[in-house]
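Q: Sharing input-v5.txt, compact mmCIF, C-alpha atoms:
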# COMPACT_ATOMS: atom_id res chain seq x y z
CA ASN A 1 -8.58 19.33 -18.28
CA ASP A 2 -7.04 20.80 -15.16
CA GLU A 3 -3.40 20.17 -14.62
CA PRO A 4 -2.53 17.85 -11.73
CA HIS A 5 -1.88 19.56 -8.43
CA ALA A 6 1.71 20.69 -7.86
CA SER A 7 2.12 18.37 -4.86
CA THR A 8 1.12 15.36 -6.96
CA VAL A 9 3.53 16.29 -9.74
CA ASN A 10 6.25 16.79 -7.13
CA THR A 11 5.53 13.32 -5.69
CA VAL A 12 5.89 11.82 -9.17
CA ARG A 13 9.09 13.78 -9.76
CA LEU A 14 10.56 12.48 -6.48
CA ALA A 15 9.53 8.92 -7.40
CA ASP A 16 11.34 9.30 -10.70
CA GLU A 17 14.45 10.50 -8.89
CA LEU A 18 14.18 7.54 -6.52
CA LEU A 19 14.07 5.16 -9.49
CA LYS A 20 17.07 6.86 -11.08
CA GLY A 21 19.01 6.72 -7.81
CA HIS A 22 19.36 10.48 -7.37
CA ASP A 23 19.40 12.18 -3.99
CA SER A 24 15.89 13.58 -3.58
CA LEU A 25 16.84 15.58 -0.48
CA ALA A 26 19.03 17.77 -2.66
CA THR A 27 16.03 18.69 -4.79
CA VAL A 28 14.58 22.04 -3.86
CA SER A 29 10.89 22.34 -4.62
CA GLU A 30 8.21 24.76 -3.58
CA ALA A 31 5.38 22.23 -3.56
CA PRO A 32 5.09 19.63 -0.82
CA SER A 33 4.91 15.97 -1.73
CA ALA A 34 2.90 13.08 -0.37
CA GLY A 35 5.79 12.09 1.86
CA PRO A 36 8.04 9.10 1.36
CA THR A 37 5.02 6.79 1.04
CA GLY A 38 3.68 8.62 -1.99
CA ARG A 39 7.12 8.49 -3.53
CA LEU A 40 7.41 4.72 -2.99
CA LEU A 41 3.88 3.97 -4.19
CA ALA A 42 4.40 6.11 -7.29
CA THR A 43 7.51 4.20 -8.40
CA PRO A 44 5.55 1.52 -10.33
CA VAL A 45 3.42 4.20 -12.02
CA VAL A 46 6.26 6.38 -13.32
CA PRO A 47 7.78 3.84 -15.78
CA LEU A 48 4.33 2.87 -17.06
CA ALA A 49 3.56 6.52 -17.85
CA GLY A 50 6.58 6.72 -20.13
CA GLY A 51 8.26 9.42 -18.07
CA VAL A 52 5.46 11.95 -18.59
CA GLU A 53 4.89 13.50 -15.17
CA VAL A 54 1.36 14.71 -15.86
CA VAL A 55 0.19 11.25 -16.96
CA ALA A 56 1.86 9.58 -13.99
CA ALA A 57 0.33 12.12 -11.59
CA ARG A 58 -3.15 11.54 -12.99
CA CYS A 59 -2.70 7.76 -12.85
CA LEU A 60 -1.54 7.97 -9.25
CA ALA A 61 -4.59 10.04 -8.29
CA ILE A 62 -6.95 7.62 -10.06
CA LEU A 63 -5.34 4.62 -8.35
CA ALA A 64 -5.67 6.28 -4.95
CA HIS A 65 -9.38 6.90 -5.54
CA ILE A 66 -9.85 3.31 -6.72
CA ALA A 67 -8.15 2.11 -3.52
CA VAL A 68 -10.64 4.13 -1.46
CA MET A 69 -13.62 2.84 -3.46
CA PHE A 70 -12.49 -0.78 -3.31
CA GLY A 71 -11.74 -0.37 0.40
CA LEU A 72 -15.27 0.90 1.03
CA VAL A 73 -16.78 -2.00 -0.90
CA CYS A 74 -14.66 -4.46 1.09
CA LEU A 75 -15.59 -2.70 4.34
CA GLY A 76 -19.28 -3.24 3.60
CA ARG A 77 -18.72 -6.86 2.58
CA TRP A 78 -16.33 -7.95 5.34
CA HIS A 79 -17.52 -5.94 8.33
CA PHE A 80 -21.23 -5.52 7.68
CA ALA A 81 -21.76 -8.70 5.58
CA GLU A 82 -23.56 -6.63 2.99
CA MET A 83 -22.02 -6.02 -0.40
CA ASN A 84 -24.74 -3.52 -1.34
CA LEU A 85 -23.82 -1.38 1.65
CA GLY A 86 -20.20 -1.28 0.47
CA LEU A 87 -21.28 -0.35 -3.04
CA ALA A 88 -23.49 2.37 -1.61
CA MET A 89 -20.59 3.78 0.44
CA ALA A 90 -18.36 3.80 -2.63
CA THR A 91 -21.06 5.47 -4.70
CA LEU A 92 -21.62 8.14 -2.07
CA TYR A 93 -17.86 8.69 -1.89
CA LEU A 94 -17.86 9.42 -5.62
CA LEU A 95 -20.86 11.74 -5.29
CA LEU A 96 -19.34 13.87 -2.55
CA PRO A 97 -18.39 17.34 -3.77
CA CYS A 98 -15.12 17.23 -1.81
CA THR A 99 -14.08 14.14 -3.79
CA ALA A 100 -14.38 16.04 -7.07
CA TYR A 101 -13.04 19.33 -5.73
CA ASP A 102 -9.43 18.20 -5.43
CA ALA A 103 -9.63 14.86 -7.21
CA ASN A 104 -6.08 15.14 -8.49
CA GLN A 105 -4.45 15.84 -5.12
CA VAL A 106 -2.90 12.56 -3.99
CA MET A 107 -1.82 14.05 -0.65
CA HIS A 108 -5.47 14.11 0.43
CA VAL A 109 -6.62 10.74 -0.90
CA LEU A 110 -3.67 8.45 -0.20
CA PRO A 111 -3.73 8.68 3.62
CA ALA A 112 -7.47 8.00 3.63
CA ALA A 113 -7.03 4.94 1.43
CA LEU A 114 -4.25 3.53 3.61
CA ILE A 115 -6.13 4.13 6.86
CA LEU A 116 -9.24 2.55 5.35
CA TRP A 117 -7.27 -0.55 4.43
CA ALA A 118 -5.78 -0.67 7.94
CA VAL A 119 -9.34 -0.73 9.29
CA ASN A 120 -10.34 -3.40 6.78
CA LEU A 121 -7.46 -5.61 7.87
CA HIS A 122 -7.77 -4.93 11.61
CA HIS A 123 -7.89 -8.68 12.36
CA ARG A 124 -4.30 -8.95 11.06
CA PRO A 125 -2.08 -6.78 13.27
CA MET A 126 0.93 -6.91 10.95
CA ALA A 127 -1.08 -5.82 7.90
CA ALA A 128 -2.81 -3.07 9.87
CA GLY A 129 0.54 -1.89 11.23
CA ALA A 130 2.03 -1.83 7.73
CA PHE A 131 -0.85 0.18 6.30
CA LEU A 132 -0.87 2.60 9.22
CA GLY A 133 2.90 3.01 8.87
CA LEU A 134 2.45 3.85 5.21
CA ALA A 135 -0.32 6.30 6.12
CA CYS A 136 1.99 8.01 8.61
CA GLY A 137 4.52 8.35 5.80
CA THR A 138 2.09 10.39 3.73
CA MET A 139 0.97 13.02 6.21
CA PHE A 140 1.79 13.54 9.86
CA PHE A 141 -1.79 13.44 11.17
CA ALA A 142 -2.02 9.65 10.82
CA SER A 143 0.55 9.22 13.58
CA PHE A 144 -2.09 10.39 16.06
CA LEU A 145 -3.95 7.14 15.37
CA VAL A 146 -1.08 4.93 16.56
CA PRO A 147 -1.98 5.08 20.30
CA ILE A 148 -5.58 4.15 19.44
CA TRP A 149 -4.41 1.11 17.50
CA ILE A 150 -2.02 0.10 20.30
CA GLY A 151 -4.93 0.30 22.74
CA TYR A 152 -7.06 -1.81 20.39
CA TYR A 153 -4.43 -4.54 20.14
CA TRP A 154 -3.39 -4.32 23.81
CA GLY A 155 -2.48 -7.81 25.01
CA ARG A 156 -3.24 -9.57 21.76
CA GLY A 157 -1.16 -8.43 18.84
CA THR A 158 0.51 -5.24 20.07
CA ARG A 159 3.99 -6.58 19.37
CA ARG A 160 3.14 -7.70 15.83
CA PHE A 161 1.43 -4.39 15.11
CA LEU A 162 4.40 -2.38 16.40
CA LEU A 163 6.87 -4.64 14.56
CA ALA A 164 5.13 -4.03 11.23
CA PHE A 165 4.66 -0.33 11.95
CA SER A 166 8.35 0.07 12.91
CA SER A 167 9.56 -1.91 9.91
CA VAL A 168 7.56 0.19 7.46
CA THR A 169 8.73 3.36 9.18
CA ALA A 170 12.37 2.20 8.87
CA VAL A 171 11.90 1.45 5.17
CA LEU A 172 10.32 4.86 4.59
CA ILE A 173 13.14 6.62 6.41
CA GLY A 174 15.64 4.56 4.42
CA SER A 175 14.00 5.62 1.16
CA LEU A 176 14.73 9.25 1.95
Can the structure in the file be given as structure tokens, please?
A:
Amino acid sequence: NDEPHASTVNTVRLADELLKGHDSLATVSEAPSAGPTGRLLATPVVPLAGGVEVVAARCLAILAHIAVMFGLVCLGRWHFAEMNLGLAMATLYLLLPCTAYDANQVMHVLPAALILWAVNLHHRPMAAGAFLGLACGTMFFASFLVPIWIGYYWGRGTRRFLLAFSSVTAVLIGSL
């Protein structure tokens, strides 16, 4: 019965302020949040939790882990043509000690889920660009993957990838 991590609660709090139309930049908080992406992705969870920050934070963490598990299953099915391999990857993900160590810290799980879905949808440059843009909005390290993706799409989809990436980045900046 551990309390959710302070960064996850702060992300939920900022999502609630976004829904209420308050200026979240004026809020001073000690704990970091999962960036503007976490705030936007938490907005559907906050009203369903009835305004209870702890419940919303736990729901957000569970949904992020489900996104990783489902992404691993789809990775096995779509890329390796073996559903059992995807199920095995998802099972091993759940068995990893690092998964349980900070299970309630959305800042660690959300970027991984978004990058995993960008890899799953690599054959659609706009979808991959949107997911990578969302991942860059969670933590800064994902932006180091952008040149790799541009090199991957070079000559066949670079413009669509960059258009989606730029559009998501503009929306995230606008949400601040």
Q: Env of segment 156-167 of chain A: 6 Å cut, atoms = all atoms listed in the file, seq-sep filter 4 positions within chain, self excluded. Answer as a PDB file with C-alpha atoms, in the frame of the given file.
A:
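Done, and the output landed in out_38.pdb:
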ATOM      1  CA  PRO A 125      -2.080  -6.780  13.270  1.00  0.00           C
ATOM      2  CA  MET A 126       0.930  -6.910  10.950  1.00  0.00           C
ATOM      3  CA  GLY A 129       0.540  -1.890  11.230  1.00  0.00           C
ATOM      4  CA  ALA A 130       2.030  -1.830   7.730  1.00  0.00           C
ATOM      5  CA  GLY A 133       2.900   3.010   8.870  1.00  0.00           C
ATOM      6  CA  ILE A 150      -2.020   0.100  20.300  1.00  0.00           C
TER       7      ILE A 150
END
Q: Could you work out how far atom CA of Tyr152 of chain A lies from atom CA of Gly76 of chain A, giving the answer in Å with one decimal?
A: 20.8 Å
Q: Would you mind reading off the distance between atom CA of Ala42 of chain A and atom CA of Leu121 of chain A, one decimal, in Å?
A: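 Computing it gives 22.5 Å between the two atoms.
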Q: Find the residues near segment 134-144 of chain A: any atom within 12 Å, counting only C-alpha atoms, skip ones fewer than 2 places away on the same chain, and give them as an NGL selection string.
A: :A and (7-8 or 11 or 32-41 or 106-119 or 127-132 or 146-150 or 164-176)
Q: Could you check how far atom CA of Val54 of chain A sits from atom CA of Pro4 of chain A, in Å to one decimal?
A: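 Spanning atom CA of Val54 of chain A to atom CA of Pro4 of chain A is a straight-line distance of 6.5 Å.
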Q: Given the choices A:Ala56, A:Leu95, A:Met83, A:Val9, which gets closest to Thr43 of chain A if the distance is worked out from all atoms listed in the file?
A: A:Ala56
Q: So that I can check the surroundings of segment 86-91 of chain A, please list as an MDAnalysis selection string every protein, DNA and RNA residue that reaches within 10 Å of it, counting all atoms listed in the file and ignoring chain neighbours fewer than 6 positions away.
A: chainID A and resid 65:66 68:80
Q: Find the residues near Val45 of chain A: any atom within 12 Å, counting only C-alpha atoms, skip ones fewer than 4 places away on the same chain, and give them as a ChimeraX atom specification.
A: /A:11-13,15-16,19,38-41,49-64
